[in-house]
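Trainee: Provided herewith: input-v6.tsv, TSV, C-alpha atoms and all ligand atoms.
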chain	number	residue	atom	x	y	z
Z	1	MET	CA	20.02	16.97	-9.82
Z	2	LYS	CA	18.13	15.07	-12.47
Z	3	LEU	CA	17.22	11.62	-11.16
Z	4	VAL	CA	17.63	8.68	-13.52
Z	5	PHE	CA	15.43	5.57	-13.61
Z	6	PRO	CA	17.18	2.77	-15.53
Z	7	ALA	CA	15.10	0.46	-17.73
Z	8	THR	CA	15.15	-3.26	-16.89
Z	9	PRO	CA	17.10	-5.31	-19.46
Z	10	VAL	CA	14.86	-7.58	-21.53
Z	11	PRO	CA	15.92	-11.22	-20.94
Z	12	HIS	CA	17.47	-13.18	-23.77
Z	13	GLY	CA	14.86	-15.01	-25.85
Z	14	VAL	CA	12.01	-12.60	-25.04
Z	15	THR	CA	10.93	-9.86	-27.44
Z	16	GLN	CA	10.63	-6.34	-26.12
Z	17	ALA	CA	7.00	-6.25	-27.26
Z	18	ASP	CA	6.21	-9.31	-25.12
Z	19	TRP	CA	8.19	-8.04	-22.12
Z	20	LEU	CA	6.30	-4.75	-22.15
Z	21	ASN	CA	2.90	-6.44	-22.49
Z	22	TRP	CA	1.18	-6.90	-19.12
Z	23	THR	CA	-0.91	-9.86	-20.20
Z	24	TRP	CA	2.28	-11.62	-21.38
Z	25	GLN	CA	3.78	-10.92	-17.93
Z	26	LEU	CA	0.75	-12.44	-16.16
Z	27	ARG	CA	0.56	-15.41	-18.53
Z	28	HIS	CA	4.24	-16.15	-17.91
Z	29	SER	CA	4.05	-15.81	-14.11
Z	30	LEU	CA	6.59	-17.82	-12.13
Z	31	ARG	CA	4.77	-20.11	-9.70
Z	32	THR	CA	6.75	-23.26	-9.05
Z	33	ARG	CA	10.18	-24.01	-7.65
Z	34	GLU	CA	11.21	-25.05	-11.17
Z	35	ASP	CA	10.04	-21.72	-12.65
Z	36	PHE	CA	12.09	-19.74	-10.14
Z	37	ALA	CA	15.13	-22.03	-10.43
Z	38	LYS	CA	15.38	-21.01	-14.11
Z	39	VAL	CA	16.05	-17.38	-13.15
Z	40	LEU	CA	17.63	-17.54	-9.66
Z	41	ASP	CA	20.07	-19.89	-7.91
Z	42	LEU	CA	17.84	-21.05	-5.09
Z	43	THR	CA	19.23	-21.12	-1.55
Z	44	ALA	CA	18.57	-24.04	0.81
Z	45	ASP	CA	16.25	-21.75	2.82
Z	46	GLU	CA	14.23	-20.92	-0.31
Z	47	GLU	CA	14.11	-24.56	-1.40
Z	48	GLU	CA	12.57	-25.42	1.95
Z	49	GLY	CA	10.31	-22.38	1.69
Z	50	PHE	CA	8.81	-23.69	-1.53
Z	51	HIS	CA	7.51	-26.70	0.35
Z	52	GLY	CA	6.43	-25.15	3.65
Z	53	GLY	CA	5.84	-21.46	2.88
Z	54	GLY	CA	4.06	-22.34	-0.34
Z	55	GLU	CA	1.48	-24.26	1.61
Z	56	LEU	CA	0.92	-21.32	3.94
Z	57	PHE	CA	0.63	-18.71	1.20
Z	58	GLN	CA	0.78	-18.88	-2.58
Z	59	ILE	CA	4.00	-18.11	-4.44
Z	60	ARG	CA	3.91	-16.10	-7.62
Z	61	SER	CA	5.85	-13.42	-9.48
Z	62	THR	CA	5.86	-11.69	-12.81
Z	63	PRO	CA	9.05	-12.35	-14.80
Z	64	TYR	CA	9.66	-8.58	-14.66
Z	65	TYR	CA	9.67	-8.41	-10.85
Z	66	ALA	CA	11.73	-11.58	-10.47
Z	67	ALA	CA	14.31	-9.96	-12.79
Z	68	LEU	CA	14.82	-7.21	-10.19
Z	69	ALA	CA	15.94	-9.72	-7.54
Z	70	GLY	CA	19.68	-10.13	-6.89
Z	71	GLY	CA	21.74	-12.52	-4.73
Z	72	PRO	CA	20.55	-14.46	-1.66
Z	73	HIS	CA	20.37	-11.45	0.70
Z	74	ASP	CA	18.94	-9.04	-1.83
Z	75	PRO	CA	16.08	-6.87	-0.46
Z	76	ILE	CA	13.69	-7.50	-3.37
Z	77	ARG	CA	14.38	-11.20	-3.14
Z	78	LYS	CA	13.24	-11.16	0.50
Z	79	ILE	CA	9.89	-9.70	-0.53
Z	80	LEU	CA	9.44	-12.23	-3.27
Z	81	MET	CA	10.89	-15.58	-2.29
Z	82	PRO	CA	9.46	-18.03	0.24
Z	83	SER	CA	11.62	-18.87	3.23
Z	84	ALA	CA	11.76	-21.80	5.64
Z	85	ARG	CA	11.39	-19.16	8.36
Z	86	GLU	CA	7.76	-18.65	7.35
Z	87	LEU	CA	7.06	-21.85	9.25
Z	88	PHE	CA	8.58	-20.70	12.55
Z	89	THR	CA	6.17	-19.74	15.27
Z	90	GLY	CA	6.86	-16.07	15.83
Z	91	ALA	CA	6.38	-13.68	18.75
Z	92	GLN	CA	2.90	-12.89	17.42
Z	93	GLN	CA	1.18	-14.68	14.55
Z	94	MET	CA	-2.29	-13.79	13.36
Z	95	LEU	CA	-4.21	-15.09	10.38
Z	96	ASP	CA	-6.23	-11.87	10.29
Z	97	PRO	CA	-4.06	-9.22	12.00
Z	98	LEU	CA	-6.34	-6.32	11.06
Z	99	GLY	CA	-9.44	-8.02	12.44
Z	100	GLU	CA	-11.08	-7.66	9.03
Z	101	LYS	CA	-13.41	-10.61	9.51
Z	102	LYS	CA	-15.08	-8.70	12.37
Z	103	ASN	CA	-15.73	-5.71	10.11
Z	104	ASN	CA	-17.22	-7.59	7.19
Z	105	PRO	CA	-20.91	-6.57	6.98
Z	106	ALA	CA	-21.34	-7.73	3.36
Z	107	PRO	CA	-19.37	-10.04	1.07
Z	108	ARG	CA	-16.04	-8.47	0.03
Z	109	ILE	CA	-16.64	-5.38	2.18
Z	110	ILE	CA	-14.38	-4.33	5.07
Z	111	HIS	CA	-16.01	-1.41	6.85
Z	112	ARG	CA	-13.91	-0.09	9.71
Z	113	TYR	CA	-14.14	3.73	9.54
Z	114	PRO	CA	-17.38	5.75	9.23
Z	115	ASP	CA	-16.64	7.51	5.95
Z	116	ARG	CA	-14.80	4.84	3.95
Z	117	LEU	CA	-14.62	1.16	3.28
Z	118	LEU	CA	-12.63	-1.43	1.38
Z	119	PHE	CA	-14.18	-3.34	-1.51
Z	120	LEU	CA	-12.14	-6.48	-2.22
Z	121	VAL	CA	-12.88	-6.89	-5.92
Z	122	THR	CA	-10.45	-9.74	-6.54
Z	123	ASP	CA	-8.31	-12.05	-4.43
Z	124	THR	CA	-5.60	-12.38	-7.08
Z	125	CYS	CA	-2.21	-10.61	-7.16
Z	126	SER	CA	0.53	-10.85	-9.76
Z	127	VAL	CA	3.13	-11.16	-6.99
Z	128	TYR	CA	2.44	-12.68	-3.57
Z	129	CYS	CA	4.47	-10.55	-1.15
Z	130	ARG	CA	5.71	-12.73	1.69
Z	131	TYR	CA	4.68	-10.16	4.32
Z	132	CYS	CA	1.09	-9.77	3.05
Z	133	THR	CA	-1.30	-8.80	5.81
Z	134	ARG	CA	-4.34	-10.31	4.10
Z	135	LYS	CA	-3.13	-13.90	3.71
Z	136	HIS	CA	-6.53	-15.06	5.01
Z	137	PHE	CA	-8.08	-13.83	1.77
Z	138	THR	CA	-5.46	-13.22	-0.90
Z	139	GLY	CA	-4.33	-15.91	-3.30
Z	140	GLY	CA	-7.52	-17.94	-3.68
Z	141	ASP	CA	-7.42	-17.24	-7.43
Z	142	GLN	CA	-10.94	-15.92	-7.73
Z	143	ALA	CA	-10.11	-13.38	-10.39
Z	144	PHE	CA	-13.28	-11.35	-9.90
Z	145	VAL	CA	-15.87	-11.35	-7.18
Z	146	ARG	CA	-18.85	-13.65	-7.92
Z	147	SER	CA	-21.80	-11.70	-9.33
Z	148	SER	CA	-24.15	-12.42	-6.41
Z	149	GLU	CA	-21.49	-11.19	-3.97
Z	150	TYR	CA	-20.78	-8.19	-6.19
Z	151	ASP	CA	-24.46	-7.21	-6.11
Z	152	GLN	CA	-24.65	-7.55	-2.33
Z	153	ALA	CA	-21.48	-5.48	-1.87
Z	154	LEU	CA	-22.80	-2.77	-4.17
Z	155	SER	CA	-26.16	-2.71	-2.36
Z	156	TYR	CA	-24.33	-2.25	0.93
Z	157	ILE	CA	-22.35	0.70	-0.46
Z	158	LYS	CA	-25.57	2.24	-1.81
Z	159	SER	CA	-27.29	1.85	1.55
Z	160	ARG	CA	-24.60	3.65	3.60
Z	161	GLN	CA	-25.35	7.31	3.01
Z	162	GLY	CA	-22.45	8.52	5.15
Z	163	LEU	CA	-19.82	6.85	3.00
Z	164	ARG	CA	-17.52	9.20	1.15
Z	165	GLU	CA	-14.73	6.94	-0.11
Z	166	VAL	CA	-14.54	3.47	-1.57
Z	167	ILE	CA	-11.12	1.84	-1.71
Z	168	LEU	CA	-10.82	-0.92	-4.29
Z	169	SER	CA	-8.47	-3.53	-2.96
Z	170	GLY	CA	-7.97	-7.28	-2.89
Z	171	GLY	CA	-5.83	-8.92	-4.11
Z	172	ASP	CA	-4.83	-6.39	-6.69
Z	173	PRO	CA	-7.62	-4.63	-8.64
Z	174	LEU	CA	-5.29	-3.87	-11.55
Z	175	THR	CA	-4.97	-7.58	-12.30
Z	176	LEU	CA	-8.54	-7.22	-13.63
Z	177	SER	CA	-9.15	-6.33	-17.26
Z	178	ASP	CA	-9.95	-2.75	-18.23
Z	179	SER	CA	-13.55	-3.68	-19.00
Z	180	ILE	CA	-14.22	-5.31	-15.62
Z	181	LEU	CA	-12.53	-2.47	-13.79
Z	182	GLU	CA	-14.56	0.04	-15.78
Z	183	ARG	CA	-17.78	-1.70	-14.78
Z	184	VAL	CA	-16.81	-1.36	-11.09
Z	185	LEU	CA	-15.80	2.30	-11.45
Z	186	SER	CA	-18.94	3.11	-13.38
Z	187	ASP	CA	-21.20	1.38	-10.81
Z	188	LEU	CA	-19.52	3.26	-7.96
Z	189	ARG	CA	-19.69	6.59	-9.78
Z	190	SER	CA	-23.42	6.16	-10.19
Z	191	ILE	CA	-23.81	6.25	-6.37
Z	192	ASP	CA	-24.32	9.86	-5.33
Z	193	HIS	CA	-22.66	9.76	-1.93
Z	194	VAL	CA	-19.43	8.13	-3.15
Z	195	GLU	CA	-17.15	11.12	-3.61
Z	196	ILE	CA	-13.70	9.54	-3.83
Z	197	ILE	CA	-12.61	6.24	-5.35
Z	198	ARG	CA	-9.20	4.87	-4.48
Z	199	ILE	CA	-7.47	1.98	-6.20
Z	200	GLY	CA	-4.96	0.13	-4.02
Z	201	THR	CA	-2.49	-1.65	-6.26
Z	202	ARG	CA	1.06	-2.95	-6.40
Z	203	MET	CA	0.95	-3.36	-10.20
Z	204	PRO	CA	2.99	-0.17	-10.89
Z	205	VAL	CA	5.74	-1.89	-8.84
Z	206	VAL	CA	5.53	-5.51	-9.93
Z	207	CYS	CA	4.06	-5.15	-13.44
Z	208	PRO	CA	4.32	-1.48	-14.46
Z	209	MET	CA	3.45	-2.30	-18.07
Z	210	ARG	CA	-0.13	-2.70	-16.78
Z	211	VAL	CA	-0.43	1.10	-16.68
Z	212	THR	CA	-1.25	1.55	-20.34
Z	213	ASP	CA	-2.62	4.64	-22.08
Z	214	GLN	CA	-5.98	2.88	-22.44
Z	215	LEU	CA	-6.13	2.18	-18.70
Z	216	VAL	CA	-5.42	5.75	-17.62
Z	217	GLN	CA	-7.79	7.16	-20.26
Z	218	MET	CA	-10.51	4.91	-18.87
Z	219	ILE	CA	-9.82	5.72	-15.19
Z	220	ARG	CA	-9.87	9.47	-15.78
Z	221	ARG	CA	-13.50	9.24	-16.89
Z	222	TYR	CA	-14.43	8.41	-13.28
Z	223	HIS	CA	-12.56	11.15	-11.45
Z	224	PRO	CA	-11.84	11.85	-8.63
Z	225	VAL	CA	-9.87	8.58	-8.54
Z	226	TYR	CA	-6.70	8.25	-6.45
Z	227	LEU	CA	-4.15	5.50	-6.88
Z	228	MET	CA	-2.48	4.09	-3.78
Z	229	THR	CA	0.61	2.13	-4.64
Z	230	HIS	CA	3.22	0.26	-2.70
Z	231	PHE	CA	6.92	0.76	-3.51
Z	232	ASN	CA	9.13	-0.53	-0.70
Z	233	HIS	CA	12.60	-0.02	-2.11
Z	234	PRO	CA	14.28	2.52	-4.44
Z	235	ARG	CA	15.38	-0.26	-6.83
Z	236	GLU	CA	11.72	-0.96	-7.57
Z	237	LEU	CA	11.61	2.45	-9.25
Z	238	THR	CA	12.88	1.29	-12.63
Z	239	GLY	CA	12.41	3.10	-15.92
Z	240	GLU	CA	9.21	1.11	-16.50
Z	241	ALA	CA	7.84	1.95	-13.05
Z	242	ALA	CA	8.75	5.63	-13.47
Z	243	ASP	CA	6.88	5.66	-16.81
Z	244	ALA	CA	3.83	4.11	-15.12
Z	245	VAL	CA	3.76	6.69	-12.32
Z	246	THR	CA	4.27	9.53	-14.80
Z	247	ARG	CA	1.43	8.28	-17.02
Z	248	LEU	CA	-0.93	8.19	-14.05
Z	249	VAL	CA	-0.17	11.68	-12.76
Z	250	ASP	CA	-0.14	13.13	-16.27
Z	251	HIS	CA	-3.76	11.97	-16.51
Z	252	GLY	CA	-4.69	13.69	-13.27
Z	253	ILE	CA	-4.63	10.53	-11.16
Z	254	PRO	CA	-2.85	11.43	-7.90
Z	255	VAL	CA	-0.44	8.71	-6.78
Z	256	PHE	CA	0.23	8.03	-3.10
Z	257	ASN	CA	2.75	5.48	-1.84
Z	258	GLN	CA	2.38	3.24	1.20
Z	259	LEU	CA	5.48	1.30	2.18
Z	260	VAL	CA	5.98	-1.39	4.77
Z	261	LEU	CA	9.16	-1.36	6.84
Z	262	LEU	CA	10.76	-4.76	6.40
Z	263	ASN	CA	13.72	-6.38	8.08
Z	264	GLY	CA	16.80	-6.37	5.84
Z	265	VAL	CA	14.81	-4.80	3.01
Z	266	ASN	CA	14.32	-1.11	3.73
Z	267	ASN	CA	14.79	-0.59	7.49
Z	268	HIS	CA	17.47	2.07	7.07
Z	269	PRO	CA	16.90	5.85	6.84
Z	270	ALA	CA	19.13	6.18	3.76
Z	271	VAL	CA	16.98	3.65	1.87
Z	272	ILE	CA	13.72	5.38	2.82
Z	273	GLN	CA	15.19	8.78	2.00
Z	274	ALA	CA	16.24	7.56	-1.47
Z	275	LEU	CA	12.84	6.00	-2.10
Z	276	SER	CA	10.89	9.07	-0.92
Z	277	ARG	CA	13.05	11.47	-2.90
Z	278	ARG	CA	12.57	9.49	-6.12
Z	279	LEU	CA	8.83	9.13	-5.57
Z	280	LEU	CA	8.41	12.84	-4.99
Z	281	TYR	CA	10.45	13.61	-8.10
Z	282	LEU	CA	7.94	11.50	-10.04
Z	283	ARG	CA	5.08	13.44	-8.35
Z	284	ALA	CA	4.00	10.49	-6.19
Z	285	LYS	CA	3.44	11.45	-2.56
Z	286	PRO	CA	5.18	9.27	0.08
Z	287	TYR	CA	2.11	8.76	2.25
Z	288	TYR	CA	2.41	6.00	4.87
Z	289	MET	CA	5.32	4.02	6.26
Z	290	PHE	CA	3.72	1.06	8.00
Z	291	GLN	CA	5.01	-1.22	10.67
Z	292	CYS	CA	4.76	-4.77	9.29
Z	293	ASP	CA	1.62	-6.49	10.57
Z	294	PRO	CA	2.08	-9.73	12.56
Z	295	SER	CA	0.60	-11.84	9.78
Z	296	GLU	CA	1.39	-15.57	9.83
Z	297	GLY	CA	4.90	-16.46	8.74
Z	298	THR	CA	6.27	-12.91	8.80
Z	299	ASP	CA	8.32	-12.72	12.00
Z	300	HIS	CA	11.62	-12.75	10.12
Z	301	LEU	CA	10.44	-9.78	8.03
Z	302	ARG	CA	9.24	-7.63	10.92
Z	303	THR	CA	11.22	-4.85	12.61
Z	304	SER	CA	10.79	-3.27	16.04
Z	305	ILE	CA	8.74	-0.12	16.64
Z	306	ASP	CA	11.81	1.47	18.31
Z	307	ASP	CA	13.80	0.85	15.11
Z	308	SER	CA	11.04	2.44	13.02
Z	309	ILE	CA	10.77	5.54	15.23
Z	310	GLU	CA	14.54	5.97	15.06
Z	311	ILE	CA	14.34	5.84	11.23
Z	312	GLN	CA	11.60	8.48	11.33
Z	313	ARG	CA	13.69	10.69	13.63
Z	314	GLU	CA	16.69	10.45	11.28
Z	315	LEU	CA	14.51	11.38	8.33
Z	316	TRP	CA	12.89	14.32	10.07
Z	317	GLY	CA	15.51	16.92	9.17
Z	318	ARG	CA	16.53	15.36	5.89
Z	319	LEU	CA	13.22	15.07	4.03
Z	320	SER	CA	10.81	17.89	3.31
Z	321	GLY	CA	7.28	17.50	4.62
Z	322	LEU	CA	6.21	16.68	1.06
Z	323	ALA	CA	8.56	13.70	0.93
Z	324	MET	CA	7.98	12.46	4.48
Z	325	PRO	CA	5.77	9.37	4.90
Z	326	ASN	CA	3.68	9.09	8.09
Z	327	LEU	CA	4.90	6.28	10.31
Z	328	SER	CA	1.98	4.21	11.52
Z	329	VAL	CA	1.13	0.86	13.07
Z	330	ASP	CA	-2.16	-0.93	12.54
Z	331	ILE	CA	-3.44	-1.89	15.96
Z	332	PRO	CA	-4.04	-5.65	15.81
Z	333	ASP	CA	-7.57	-7.01	15.93
Z	334	GLY	CA	-9.16	-4.12	14.07
Z	335	GLY	CA	-8.05	-1.24	16.27
Z	336	GLY	CA	-7.28	0.98	13.26
Z	337	LYS	CA	-4.13	2.99	12.64
Z	338	ALA	CA	-2.01	4.55	15.39
Z	339	GLY	CA	0.43	7.26	14.31
Z	340	LEU	CA	3.99	6.96	15.61
Z	341	VAL	CA	5.99	10.17	15.90
Z	342	PRO	CA	9.42	10.70	17.45
Z	343	ASP	CA	9.12	12.52	20.76
Z	344	PHE	CA	10.71	15.98	20.52
Z	345	LEU	CA	9.26	17.15	23.84
Z	346	VAL	CA	11.85	17.63	26.58
Z	347	SER	CA	9.65	19.03	29.35
Z	348	HIS	CA	6.13	20.34	29.91
Z	349	GLU	CA	4.85	22.51	32.71
Z	350	GLY	CA	1.54	24.37	32.49
Z	351	ARG	CA	1.56	26.44	29.28
Z	352	ARG	CA	5.31	25.99	28.75
Z	353	ARG	CA	6.84	23.23	26.69
Z	354	VAL	CA	10.51	22.75	25.86
Z	355	PHE	CA	11.32	20.98	22.59
Z	356	GLU	CA	14.56	19.76	21.10
Z	357	GLY	CA	14.55	19.65	17.28
Z	358	TRP	CA	16.09	17.03	14.99
Z	359	ASP	CA	19.51	18.74	15.00
Z	360	GLY	CA	19.67	19.58	18.71
Z	361	VAL	CA	18.17	23.09	18.78
Z	362	ARG	CA	16.33	23.46	22.09
Z	363	ALA	CA	13.63	26.09	22.60
Z	364	GLU	CA	10.49	26.88	24.56
Z	365	TYR	CA	6.94	27.14	23.17
Z	366	ILE	CA	4.40	28.94	25.37
Z	367	ASP	CA	0.66	28.51	24.78
Z	368	PRO	CA	-1.49	31.65	24.75
Z	369	ALA	CA	-3.72	32.26	27.78
Z	370	PRO	CA	-6.65	29.76	27.65
Z	371	GLU	CA	-9.28	32.51	27.97
Z	372	THR	CA	-8.18	33.94	24.58
Z	373	ILE	CA	-9.06	30.74	22.72
Z	374	VAL	CA	-12.41	30.76	20.86
Z	375	LYS	CA	-13.94	28.36	18.32
Z	376	PRO	CA	-14.64	29.60	14.76
Z	377	ILE	CA	-17.98	31.36	14.57
Z	378	ASP	CA	-19.08	29.50	11.41
Z	379	ALA	CA	-18.23	25.96	12.63
Z	380	GLU	CA	-21.94	25.16	12.93
Z	381	LEU	CA	-22.29	25.44	9.14
Z	382	TYR	CA	-20.31	22.22	8.92
Z	383	LEU	CA	-21.93	20.34	11.80
Z	384	ALA	CA	-24.54	18.57	9.66
Z	385	GLU	CA	-21.74	17.09	7.55
Z	386	TRP	CA	-19.86	16.14	10.70
Z	387	ASP	CA	-22.90	14.48	12.28
Z	388	ALA	CA	-23.77	12.56	9.10
Z	389	LEU	CA	-20.63	10.48	9.51
Z	390	LYS	CA	-21.63	9.29	12.94
Z	391	GLY	CA	-24.28	6.91	11.66
Z	392	ALA	CA	-22.28	5.71	8.70
Z	393	ARG	CA	-20.52	2.74	10.20
Z	394	SER	CA	-22.14	-0.65	10.12
Z	395	ARG	CA	-21.93	-1.34	13.84
T	1	LIG	S1	0.10	-7.05	-3.60
T	1	LIG	FE1	-0.84	-6.50	-1.62
T	1	LIG	S2	-2.53	-7.99	-1.35
T	1	LIG	FE2	-1.16	-8.80	-2.94
T	1	LIG	S3	0.26	-10.13	-1.85
T	1	LIG	FE3	1.26	-8.13	-2.00
T	1	LIG	S4	0.70	-7.09	-0.09
T	1	LIG	FE4	-0.72	-8.84	-0.31
How does the structure come out when it is put into structure tokens?
Mentor:
Amino acid sequence: MKLVFPATPVPHGVTQADWLNWTWQLRHSLRTREDFAKVLDLTADEEEGFHGGGELFQIRSTPYYAALAGGPHDPIRKILMPSARELFTGAQQMLDPLGEKKNNPAPRIIHRYPDRLLFLVTDTCSVYCRYCTRKHFTGGDQAFVRSSEYDQALSYIKSRQGLREVILSGGDPLTLSDSILERVLSDLRSIDHVEIIRIGTRMPVVCPMRVTDQLVQMIRRYHPVYLMTHFNHPRELTGEAADAVTRLVDHGIPVFNQLVLLNGVNNHPAVIQALSRRLLYLRAKPYYMFQCDPSEGTDHLRTSIDDSIEIQRELWGRLSGLAMPNLSVDIPDGGGKAGLVPDFLVSHEGRRRVFEGWDGVRAEYIDPAPETIVKPIDAELYLAEWDALKGARSR
């Protein structure tokens, strides 16, 4: 069946040319209670959130994204609007849940894995998601990293020979102008050992008009570049967002989606199925489905790991492997990702295992005799590459 992605109606009093211009969207960002009250009937909880939550973490939205929000319990509204509940002390509250400050060997660099690192090129986003895991950094309004810090970050990347991937993050790198972004891409491409560049961005979701022809033409000059985006709900896949994703993949920029499971937003298998199916149709790969990190002020948005595994189990037989995101939790304090998979194993004895599949089929899998197992004869050809990664990490 052909899937349809409806365009967002242009509000009264705004020209279509302005609405579809990303700089107009950023210039007309909603930031204050008064700005939001012009487009939404604020609830008492949100009113309170503007005072308390706003102090904890900035509030901002593009007019486009705010136009996707519905009534008080609407999923997109929960992502966008501050709540009095941000001030409650939750079961676990961490300013830096991923332990990034411990893995920060140079300004704006988070280096946790041997072969890749994050380069936080800006701390600005066009929408401040209430569940953001990087509240300790995001929202300071430093549009681009200071030049001395930029030079130090670049020197660090140059000095780590084992690095293969650099992930541009922030903040949102696509809030930067094409020319600044091109400078970063060009500097990274001039480093021999950087093979892959990734851009982590929520702009295709919250300001899809940012993905212009000029932008994709520029990015493709620095291939291989991957774009990691962050759709959480099928209603975020509007006509404008679908055009943005299509423009990226048409220019050879693979698009991967990372979603966060959020309470009352998308924690239902039917919602994730609809989102994944639409993404795949647009040639964007559903990649990760993350447990929400215990960032400050997010307890009301978090779900339980049991709930998430149950969603994954329900999806197992209903989504193809191509459409299935990997469920994962970031181990607090910098422990890295831990994959979460429903347990299909019923029993295990010696070489025999009994499994029960998603629809109740039960069967036995028997390992071959251990003495028949050999390692590939040419594995040693790849050992130098393997060993090179060992020394890549900063500590
Ligand atoms: S776009 Fe990303 S970095 Fe920015 S507020 Fe949302 S989750 Fe945080």
Trainee: Using all atoms listed in the file, which protein or nucleic acid residues are at most 9 Å from ligand LIG 1 (chain T), as a PDB file with C-alpha atoms, in the coordinates of the input?
Mentor:
ATOM      1  CA  GLN Z  58       0.780 -18.880  -2.580  1.00  0.00           C
ATOM      2  CA  ILE Z  79       9.890  -9.700  -0.530  1.00  0.00           C
ATOM      3  CA  ASP Z 123      -8.310 -12.050  -4.430  1.00  0.00           C
ATOM      4  CA  THR Z 124      -5.600 -12.380  -7.080  1.00  0.00           C
ATOM      5  CA  CYS Z 125      -2.210 -10.610  -7.160  1.00  0.00           C
ATOM      6  CA  SER Z 126       0.530 -10.850  -9.760  1.00  0.00           C
ATOM      7  CA  VAL Z 127       3.130 -11.160  -6.990  1.00  0.00           C
ATOM      8  CA  TYR Z 128       2.440 -12.680  -3.570  1.00  0.00           C
ATOM      9  CA  CYS Z 129       4.470 -10.550  -1.150  1.00  0.00           C
ATOM     10  CA  ARG Z 130       5.710 -12.730   1.690  1.00  0.00           C
ATOM     11  CA  TYR Z 131       4.680 -10.160   4.320  1.00  0.00           C
ATOM     12  CA  CYS Z 132       1.090  -9.770   3.050  1.00  0.00           C
ATOM     13  CA  THR Z 133      -1.300  -8.800   5.810  1.00  0.00           C
ATOM     14  CA  ARG Z 134      -4.340 -10.310   4.100  1.00  0.00           C
ATOM     15  CA  LYS Z 135      -3.130 -13.900   3.710  1.00  0.00           C
ATOM     16  CA  PHE Z 137      -8.080 -13.830   1.770  1.00  0.00           C
ATOM     17  CA  THR Z 138      -5.460 -13.220  -0.900  1.00  0.00           C
ATOM     18  CA  GLY Z 139      -4.330 -15.910  -3.300  1.00  0.00           C
ATOM     19  CA  SER Z 169      -8.470  -3.530  -2.960  1.00  0.00           C
ATOM     20  CA  GLY Z 170      -7.970  -7.280  -2.890  1.00  0.00           C
ATOM     21  CA  GLY Z 171      -5.830  -8.920  -4.110  1.00  0.00           C
ATOM     22  CA  ASP Z 172      -4.830  -6.390  -6.690  1.00  0.00           C
ATOM     23  CA  GLY Z 200      -4.960   0.130  -4.020  1.00  0.00           C
ATOM     24  CA  THR Z 201      -2.490  -1.650  -6.260  1.00  0.00           C
ATOM     25  CA  ARG Z 202       1.060  -2.950  -6.400  1.00  0.00           C
ATOM     26  CA  MET Z 203       0.950  -3.360 -10.200  1.00  0.00           C
ATOM     27  CA  VAL Z 206       5.530  -5.510  -9.930  1.00  0.00           C
ATOM     28  CA  HIS Z 230       3.220   0.260  -2.700  1.00  0.00           C
TER      29      HIS Z 230
END
Trainee: Within 9 Å of Leu301 in chain Z, counting all atoms listed in the file, which residues show up once you throw out same-chain ones fewer than 3 positions away? Write them as an NGL selection string, please.
Mentor: :Z and (78-79 or 130-131 or 261-265 or 292 or 297-298)
Trainee: If I put a ball of radius 8 Å at (-4.4, -11.6, 10.1) in the file's coordinates, which residues poke into it when counting only C-alpha atoms, written as number ranges by chain?
Mentor: Z: 93-100, 133-136, 293-296
Trainee: Could you write those residues out with C-alpha atoms, as a compact mmCIF listing (two decimals), in the coordinates of the input?
Mentor:
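Result file out_14.txt:
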# COMPACT_ATOMS: atom_id res chain seq x y z
CA GLN Z 93 1.18 -14.68 14.55
CA MET Z 94 -2.29 -13.79 13.36
CA LEU Z 95 -4.21 -15.09 10.38
CA ASP Z 96 -6.23 -11.87 10.29
CA PRO Z 97 -4.06 -9.22 12.00
CA LEU Z 98 -6.34 -6.32 11.06
CA GLY Z 99 -9.44 -8.02 12.44
CA GLU Z 100 -11.08 -7.66 9.03
CA THR Z 133 -1.30 -8.80 5.81
CA ARG Z 134 -4.34 -10.31 4.10
CA LYS Z 135 -3.13 -13.90 3.71
CA HIS Z 136 -6.53 -15.06 5.01
CA ASP Z 293 1.62 -6.49 10.57
CA PRO Z 294 2.08 -9.73 12.56
CA SER Z 295 0.60 -11.84 9.78
CA GLU Z 296 1.39 -15.57 9.83
Trainee: Provide the CA of His268 in chain Z to CA of Ser308 in chain Z distance in Å, to one decimal place.
Mentor: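 A separation of 8.8 Å between them.
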Trainee: Can you work out the spacing between CA of Phe88 in chain Z and CA of Arg302 in chain Z in Å, to one decimal?
Mentor: 13.2 Å
Trainee: In Å, how far is it from CA of Pro370 in chain Z to CA of Trp386 in chain Z?
Mentor: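 Atom-to-atom, CA of Pro370 in chain Z to CA of Trp386 in chain Z, that is 25.4 Å.
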Trainee: Compare Z:Ser304, Z:Ser147, Z:Ser190, Z:Thr212 by their minimum atom-to-atom distance to Trp22 in chain Z, counting all atoms listed in the file, and give me the closest one.
Mentor: Z:Thr212
Trainee: Out of Z:Ile309, Z:Val14, Z:Leu327, Z:Leu248, which residue has the shortest atom-to-atom distance to Pro286 in chain Z when counting all atoms listed in the file?
Mentor: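 Between Z:Ile309, Z:Val14, Z:Leu327, Z:Leu248, the residue approaching Pro286 in chain Z most closely is Z:Leu327.
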Trainee: Using only C-alpha atoms, determine which residues lie at most 8 Å from Ala153 in chain Z, disregarding the query and same-chain residues fewer than 6 positions distant; provide the list as an MDAnalysis selection string.
Mentor: chainID Z and resid 106:109 119
Trainee: Considering all atoms listed in the file, can you say which of Z:Lys38, Z:Arg221, Z:Lys337, Z:Arg85 comes closest to Arg112 in chain Z?
Mentor: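 Result for the nearest residue to Arg112 in chain Z: Z:Lys337.
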Trainee: Please list, as a PyMOL selection string, the residues that have an atom at most 10 Å away from (13.8, -12.9, -7.9) in the coordinates of this file, counting all atoms listed in the file.
Mentor: chain Z and resi 30+36-37+39-42+61-72+74-81
